[in-house]
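Novice: Contents of my_file36.csv (CSV, C-alpha atoms):
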```csv
chain,number,residue,atom,x,y,z
A,1,LEU,CA,58.9,9.9,-16.5
A,2,VAL,CA,55.4,11.1,-15.8
A,3,GLU,CA,55.4,9.3,-12.5
A,4,ARG,CA,58.6,11.0,-11.5
A,5,LEU,CA,57.7,14.5,-12.7
A,6,HIS,CA,54.1,14.9,-11.5
A,7,GLN,CA,55.4,14.9,-7.9
A,8,GLU,CA,57.1,18.3,-8.6
A,9,TYR,CA,55.4,19.8,-11.6
A,10,ARG,CA,52.0,20.1,-13.3
A,11,VAL,CA,52.4,17.6,-16.1
A,12,THR,CA,50.6,17.5,-19.5
A,13,VAL,CA,51.0,14.4,-21.7
A,14,PHE,CA,50.5,14.9,-25.4
A,15,ASP,CA,50.3,11.6,-27.3
A,16,LYS,CA,48.7,10.1,-30.4
A,17,LYS,CA,45.0,9.5,-30.5
A,18,TYR,CA,43.7,6.4,-28.7
A,19,PHE,CA,47.1,5.7,-27.2
A,20,SER,CA,47.3,3.1,-24.4
A,21,ARG,CA,47.1,4.7,-21.0
A,22,LYS,CA,48.1,1.5,-19.1
A,23,ASN,CA,51.5,2.9,-18.0
A,24,ILE,CA,50.1,6.2,-16.6
A,25,LEU,CA,46.8,4.9,-15.3
A,26,PRO,CA,47.8,5.0,-11.6
A,27,PHE,CA,48.3,8.8,-11.8
A,28,ALA,CA,46.2,9.7,-14.8
A,29,ASP,CA,43.9,11.7,-12.6
A,30,LYS,CA,46.8,13.9,-11.4
A,31,ILE,CA,47.9,15.0,-14.9
A,32,ASP,CA,46.5,16.6,-18.0
A,33,ILE,CA,46.2,14.4,-21.2
A,34,ILE,CA,45.8,15.6,-24.7
A,35,GLU,CA,45.5,13.4,-27.8
A,36,GLY,CA,46.5,14.5,-31.3
A,37,ASP,CA,49.0,14.2,-34.1
A,38,PHE,CA,52.5,15.6,-33.7
A,39,GLN,CA,52.7,16.2,-37.4
A,40,ASN,CA,49.6,18.5,-37.2
A,41,CYS,CA,50.9,21.5,-35.3
A,42,ASP,CA,47.4,22.8,-34.7
A,43,ASP,CA,47.0,19.9,-32.2
A,44,TRP,CA,49.7,21.1,-29.9
A,45,LEU,CA,50.2,24.8,-30.8
A,46,ASP,CA,48.3,26.1,-27.7
A,47,LEU,CA,50.4,23.9,-25.3
A,48,VAL,CA,53.7,25.6,-26.0
A,49,PRO,CA,53.1,29.0,-24.5
A,50,GLN,CA,51.8,27.3,-21.3
A,51,ALA,CA,54.9,25.2,-20.7
A,52,ASP,CA,58.0,25.8,-18.8
A,53,TYR,CA,59.6,22.6,-20.1
A,54,LEU,CA,58.9,20.5,-23.2
A,55,ILE,CA,60.3,17.0,-23.1
A,56,HIS,CA,60.3,15.7,-26.7
A,57,LEU,CA,60.0,11.9,-26.9
A,58,ALA,CA,57.7,11.7,-29.9
A,59,TRP,CA,59.3,9.6,-32.7
A,60,SER,CA,57.7,7.5,-35.3
A,61,THR,CA,60.5,5.2,-36.4
A,62,LEU,CA,63.1,2.7,-35.1
A,63,PRO,CA,66.8,2.2,-36.0
A,64,ALA,CA,65.9,-0.8,-38.2
A,65,ASN,CA,63.6,1.3,-40.4
A,66,ILE,CA,65.0,2.3,-43.8
A,67,ASN,CA,62.4,4.8,-45.1
A,68,ALA,CA,64.6,7.9,-44.9
A,69,VAL,CA,61.9,10.2,-46.4
A,70,TYR,CA,59.3,9.1,-43.9
A,71,ASP,CA,61.9,9.6,-41.1
A,72,ILE,CA,62.3,13.2,-42.1
A,73,GLU,CA,58.7,14.0,-42.8
A,74,SER,CA,57.3,12.5,-39.7
A,75,ASN,CA,60.0,13.5,-37.2
A,76,VAL,CA,62.3,16.3,-38.3
A,77,VAL,CA,59.7,18.5,-40.1
A,78,PRO,CA,57.2,18.7,-37.2
A,79,THR,CA,60.1,19.2,-34.7
A,80,VAL,CA,61.3,22.2,-36.8
A,81,LYS,CA,57.7,23.5,-36.7
A,82,LEU,CA,57.9,23.2,-33.0
A,83,LEU,CA,61.1,25.2,-32.9
A,84,ASP,CA,59.5,27.9,-35.0
A,85,VAL,CA,56.8,28.3,-32.3
A,86,LEU,CA,59.4,28.3,-29.6
A,87,LYS,CA,61.5,31.0,-31.2
A,88,GLU,CA,58.4,33.3,-30.9
A,89,THR,CA,57.7,32.5,-27.3
A,90,ARG,CA,61.3,32.0,-26.0
A,91,HIS,CA,59.8,30.7,-22.8
A,92,ALA,CA,59.9,27.0,-22.6
A,93,GLN,CA,63.1,24.9,-22.5
A,94,LEU,CA,63.1,22.0,-24.8
A,95,ILE,CA,64.6,18.7,-23.6
A,96,PHE,CA,65.2,16.5,-26.6
A,97,ILE,CA,65.6,12.7,-26.2
A,98,SER,CA,68.2,11.7,-28.7
A,99,SER,CA,70.0,8.5,-29.4
A,100,GLY,CA,73.5,7.9,-28.1
A,101,GLY,CA,73.4,4.5,-29.6
A,102,THR,CA,73.1,5.8,-33.2
A,103,VAL,CA,74.2,9.4,-33.6
A,104,TYR,CA,77.9,8.7,-33.0
A,105,GLY,CA,78.4,6.0,-35.6
A,106,LYS,CA,81.5,3.8,-35.6
A,107,LYS,CA,84.2,4.8,-33.1
A,108,GLU,CA,87.6,3.4,-32.4
A,109,ARG,CA,87.6,4.5,-28.7
A,110,SER,CA,85.3,3.6,-25.8
A,111,PRO,CA,83.6,5.0,-23.8
A,112,ILE,CA,82.4,7.7,-26.2
A,113,SER,CA,82.1,11.2,-24.8
A,114,GLU,CA,79.8,14.0,-25.9
A,115,CYS,CA,82.6,15.9,-27.6
A,116,GLU,CA,83.2,13.0,-30.1
A,117,GLY,CA,82.2,13.5,-33.7
A,118,THR,CA,78.9,12.2,-35.0
A,119,SER,CA,78.6,10.0,-38.1
A,120,PRO,CA,75.4,8.0,-37.9
A,121,ILE,CA,75.1,5.0,-40.3
A,122,CYS,CA,71.3,4.6,-40.1
A,123,SER,CA,68.4,6.9,-41.0
A,124,TYR,CA,67.1,6.9,-37.4
A,125,GLY,CA,70.4,8.3,-36.0
A,126,LEU,CA,70.7,10.8,-38.9
A,127,THR,CA,67.3,12.3,-38.2
A,128,LYS,CA,68.0,12.5,-34.5
A,129,LEU,CA,71.2,14.3,-35.3
A,130,MET,CA,69.3,16.6,-37.7
A,131,VAL,CA,67.1,17.7,-34.8
A,132,GLU,CA,70.1,18.2,-32.6
A,133,LYS,CA,71.7,20.5,-35.2
A,134,HIS,CA,68.5,22.5,-35.6
A,135,LEU,CA,68.4,23.0,-31.8
A,136,TYR,CA,71.9,24.4,-32.0
A,137,LEU,CA,70.9,26.6,-34.9
A,138,TYR,CA,67.7,28.0,-33.3
A,139,ASN,CA,69.6,28.6,-30.0
A,140,HIS,CA,72.2,30.6,-31.9
A,141,LEU,CA,69.8,32.6,-34.1
A,142,TYR,CA,66.8,33.0,-31.8
A,143,GLY,CA,67.9,32.1,-28.3
A,144,VAL,CA,65.7,28.9,-28.0
A,145,ASP,CA,66.8,27.1,-24.9
A,146,TYR,CA,67.4,23.4,-25.0
A,147,ARG,CA,69.1,20.4,-23.6
A,148,ILE,CA,69.8,17.0,-25.3
A,149,ALA,CA,69.8,13.6,-23.7
A,150,ARG,CA,71.6,11.0,-25.7
A,151,LEU,CA,70.3,7.7,-24.3
A,152,SER,CA,72.2,4.4,-24.6
A,153,ASN,CA,69.9,1.4,-24.3
A,154,PRO,CA,67.2,1.9,-21.8
A,155,TYR,CA,65.2,-1.1,-20.5
A,156,GLY,CA,62.8,-1.8,-17.6
A,157,GLU,CA,59.3,-2.1,-16.4
A,158,ARG,CA,56.5,-0.8,-18.7
A,159,GLN,CA,58.5,-1.2,-21.9
A,160,GLY,CA,56.3,-2.4,-24.7
A,161,ASN,CA,56.3,-6.1,-25.5
A,162,ILE,CA,57.2,-5.6,-29.2
A,163,LYS,CA,59.6,-7.9,-31.1
A,164,THR,CA,61.7,-5.2,-32.7
A,165,GLN,CA,62.9,-3.0,-29.9
A,166,GLY,CA,64.9,-3.6,-26.7
A,167,LEU,CA,67.2,-6.6,-26.4
A,168,ILE,CA,66.5,-7.3,-22.7
A,169,THR,CA,62.8,-7.0,-22.9
A,170,THR,CA,62.6,-9.0,-26.1
A,171,GLY,CA,64.8,-11.7,-24.6
A,172,LEU,CA,62.6,-12.0,-21.4
A,173,VAL,CA,59.4,-12.1,-23.4
A,174,HIS,CA,60.8,-14.9,-25.6
A,175,LEU,CA,61.9,-16.7,-22.4
A,176,ILE,CA,58.5,-16.4,-20.8
A,177,ASN,CA,56.8,-17.6,-24.0
A,178,SER,CA,59.3,-20.5,-24.4
A,179,LYS,CA,60.3,-19.3,-27.9
A,180,PRO,CA,63.9,-18.9,-29.3
A,181,MET,CA,65.1,-15.3,-29.8
A,182,VAL,CA,66.8,-14.3,-33.1
A,183,VAL,CA,70.3,-12.8,-32.6
A,184,TRP,CA,71.7,-10.8,-35.5
A,185,GLY,CA,75.3,-11.7,-36.0
A,186,ASP,CA,77.4,-13.8,-33.6
A,187,GLY,CA,76.3,-12.1,-30.4
A,188,THR,CA,79.5,-10.1,-29.8
A,189,VAL,CA,78.0,-6.7,-30.5
A,190,VAL,CA,78.6,-4.6,-27.4
A,191,ARG,CA,76.2,-2.0,-25.9
A,192,ASP,CA,75.6,-0.4,-22.5
A,193,TYR,CA,72.2,-0.8,-20.9
A,194,ILE,CA,70.6,1.5,-18.4
A,195,HIS,CA,67.5,1.0,-16.3
A,196,ILE,CA,64.6,3.3,-17.0
A,197,ARG,CA,64.5,4.6,-13.4
A,198,ASP,CA,68.1,5.9,-13.9
A,199,VAL,CA,67.2,7.4,-17.2
A,200,VAL,CA,64.2,9.2,-15.7
A,201,GLU,CA,66.1,10.6,-12.8
A,202,CYS,CA,68.8,12.0,-15.1
A,203,ILE,CA,66.2,13.7,-17.3
A,204,ALA,CA,64.5,15.1,-14.2
A,205,ARG,CA,67.8,16.7,-13.1
A,206,MET,CA,68.2,18.3,-16.5
A,207,LEU,CA,65.1,20.4,-16.1
A,208,PRO,CA,66.4,22.8,-13.4
A,209,TYR,CA,70.0,22.7,-14.7
A,210,SER,CA,71.3,26.1,-15.7
A,211,GLY,CA,75.0,25.2,-16.4
A,212,PRO,CA,76.8,25.6,-19.7
A,213,GLU,CA,76.4,22.1,-21.1
A,214,ARG,CA,73.8,21.3,-23.7
A,215,VAL,CA,74.4,17.6,-24.5
A,216,PHE,CA,74.4,14.7,-22.0
A,217,ASN,CA,75.0,11.0,-22.5
A,218,VAL,CA,72.6,9.0,-20.4
A,219,SER,CA,74.2,5.6,-19.9
A,220,SER,CA,75.6,3.0,-17.5
A,221,ALA,CA,79.1,3.3,-19.2
A,222,VAL,CA,79.4,-0.5,-18.8
A,223,GLY,CA,79.6,-2.5,-22.0
A,224,CYS,CA,77.9,-5.9,-22.4
A,225,SER,CA,77.7,-8.1,-25.5
A,226,VAL,CA,74.5,-9.6,-26.7
A,227,ASN,CA,75.8,-13.0,-25.5
A,228,ASP,CA,76.5,-11.5,-22.1
A,229,ILE,CA,72.9,-10.3,-21.8
A,230,ILE,CA,71.6,-13.7,-22.9
A,231,ASP,CA,73.8,-15.4,-20.3
A,232,THR,CA,72.7,-12.9,-17.6
A,233,ILE,CA,69.0,-13.4,-18.4
A,234,SER,CA,69.5,-17.2,-18.1
A,235,ARG,CA,71.4,-16.9,-14.8
A,236,VAL,CA,69.1,-14.4,-13.1
A,237,THR,CA,65.8,-16.2,-14.1
A,238,GLY,CA,67.2,-19.7,-13.7
A,239,LYS,CA,65.9,-20.6,-17.2
A,240,LYS,CA,67.9,-20.9,-20.4
A,241,LEU,CA,67.0,-18.4,-23.1
A,242,GLU,CA,67.1,-20.3,-26.4
A,243,THR,CA,68.6,-18.3,-29.3
A,244,HIS,CA,68.8,-18.6,-33.1
A,245,TYR,CA,71.7,-16.7,-34.8
A,246,GLU,CA,71.2,-15.0,-38.1
A,247,LYS,CA,73.5,-12.9,-40.4
A,248,GLY,CA,74.5,-9.6,-39.0
A,249,ARG,CA,72.9,-6.3,-40.1
A,250,LYS,CA,74.9,-3.4,-41.7
A,251,PHE,CA,73.5,-0.7,-39.3
A,252,ASP,CA,74.6,-2.6,-36.2
A,253,ILE,CA,77.8,-1.0,-34.8
A,254,LYS,CA,80.2,-3.4,-33.3
A,255,GLU,CA,80.6,-1.5,-30.0
A,256,ASN,CA,78.8,1.4,-28.5
A,257,ILE,CA,79.6,2.4,-24.9
A,258,LEU,CA,78.8,5.9,-23.7
A,259,SER,CA,80.7,7.9,-21.1
A,260,ASN,CA,78.5,9.3,-18.4
A,261,VAL,CA,81.1,11.5,-16.7
A,262,LEU,CA,79.6,14.8,-17.8
A,263,ALA,CA,76.1,13.9,-16.4
A,264,LYS,CA,77.7,12.8,-13.1
A,265,ASN,CA,79.7,16.0,-12.8
A,266,GLU,CA,77.2,18.5,-14.0
A,267,LEU,CA,73.9,17.0,-12.8
A,268,GLY,CA,75.1,15.2,-9.7
A,269,TRP,CA,73.6,12.1,-11.1
A,270,GLN,CA,74.7,8.5,-11.4
A,271,PRO,CA,73.1,5.2,-12.3
A,272,THR,CA,72.0,3.1,-9.3
A,273,VAL,CA,70.3,0.0,-10.7
A,274,LYS,CA,72.6,-3.0,-11.3
A,275,LEU,CA,72.0,-4.9,-14.5
A,276,GLU,CA,71.1,-8.2,-12.7
A,277,ASP,CA,68.7,-6.4,-10.4
A,278,GLY,CA,67.1,-4.5,-13.3
A,279,ILE,CA,66.6,-7.7,-15.4
A,280,LEU,CA,65.1,-9.6,-12.4
A,281,SER,CA,62.7,-6.7,-11.7
A,282,LEU,CA,61.6,-6.5,-15.3
A,283,TYR,CA,61.2,-10.3,-15.5
A,284,ASN,CA,58.9,-10.3,-12.4
A,285,TYR,CA,57.0,-7.4,-13.9
A,286,LEU,CA,56.5,-9.2,-17.2
A,287,LEU,CA,55.3,-12.4,-15.5
A,288,LYS,CA,52.5,-10.4,-13.8
A,289,SER,CA,51.5,-8.2,-16.8
```
Translate this structure into structure tokens?
Specialist:
Amino acid sequence: LVERLHQEYRVTVFDKKYFSRKNILPFADKIDIIEGDFQNCDDWLDLVPQADYLIHLAWSTLPANINAVYDIESNVVPTVKLLDVLKETRHAQLIFISSGGTVYGKKERSPISECEGTSPICSYGLTKLMVEKHLYLYNHLYGVDYRIARLSNPYGERQGNIKTQGLITTGLVHLINSKPMVVWGDGTVVRDYIHIRDVVECIARMLPYSGPERVFNVSSAVGCSVNDIIDTISRVTGKKLETHYEKGRKFDIKENILSNVLAKNELGWQPTVKLEDGILSLYNYLLKS
């Protein structure tokens, strides 16, 4: 995102202390970097009046976490403090990166459009939705300007090599290290996956957008099961990804495919990276990193 935006805007990155700068190193000298704690508003208070856009990606938890109190204290509370500052300035537009994979909950129909109801079944999705509702409230009461990007399942180069997030990246890392990957359930859970380059382009187009819509799904709108992804990884790389199946998890929704029609119509955007091409690109990147 920084790589895309610094070509058009003066970019300031606010991140936690001692964060890895590996991903932004090639253009670190072209941006401003500030380290601090999002939960401590004094660390970022002076940044808000200077900004035209605030892109909110700070989040301390994952869908698998179950500490609801920590979710709220570390994510929702500081975000509401940010909104309290924004209501006084009424200058910057807030772009909030939400979770299309968790805020909708279980749905009978696919693909899911932005006008569908929201019934998250995990704390992660619930807290994302809490922030969305606060955005609506602060816009209604104080005129705070905002847009929401509900991401499906992004993947691609520079994604962290951690074992708890990102099916495609996790699968490729296990493949490279010749280790079997754990699959929760029977592998028939369906999601849509979108390459990070397409995600970034969609977010970039949201910044100058002045139309009436506030919430956008950012997705490929193409459903793939876990087993489909495993097969695609094996086919694209020419190496078999070994798997080990475990009992399914309660917070894993059977199917989640997001409609992207609104983003296409309103933002003039559409995904361009095919799944096979994206997986191969990420595989080659991981081999070199």
Novice: Within 12 Å of Pro120 of chain A, counting only C-alpha atoms, which residues show up once you throw out same-chain ones fewer than 5 positions away? Write them as a ChimeraX atom specification, please.
Specialist: /A:63,99-107,125-130,251-253,256
Novice: Excluding segment 134-147 of chain A and residues on its chain fewer than 3 positions from it, collect all residues at most 7 Å away from it, counting all atoms listed in the file, and give them as an NGL selection string.
Specialist: :A and (86-87 or 90 or 93-96 or 130-131 or 214-215)
Novice: Using all atoms listed in the file, find the one residue out of A:Asp37, A:Ile279, A:Arg109, A:Asp42 that sits nearest to Ser74 of chain A.
Specialist: A:Asp37
Novice: If you measure from atom CA of Ser225 of chain A to atom CA of Thr188 of chain A, what distance in Å do you get, rounded to one decimal?
Specialist: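 Between atom CA of Ser225 of chain A and atom CA of Thr188 of chain A the gap works out to 5.1 Å.
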Novice: Provide an axis-aligned box for all listed atoms of segment 231-244 of chain A, padding each side by 6 Å; report its centre and its edge lengths in Å to one decimal, as lines of an AutoDock Vina configuration file.
Specialist:
```
center_x = 69.8
center_y = -16.9
center_z = -23.1
size_x = 20.0
size_y = 20.0
size_z = 32.0
```
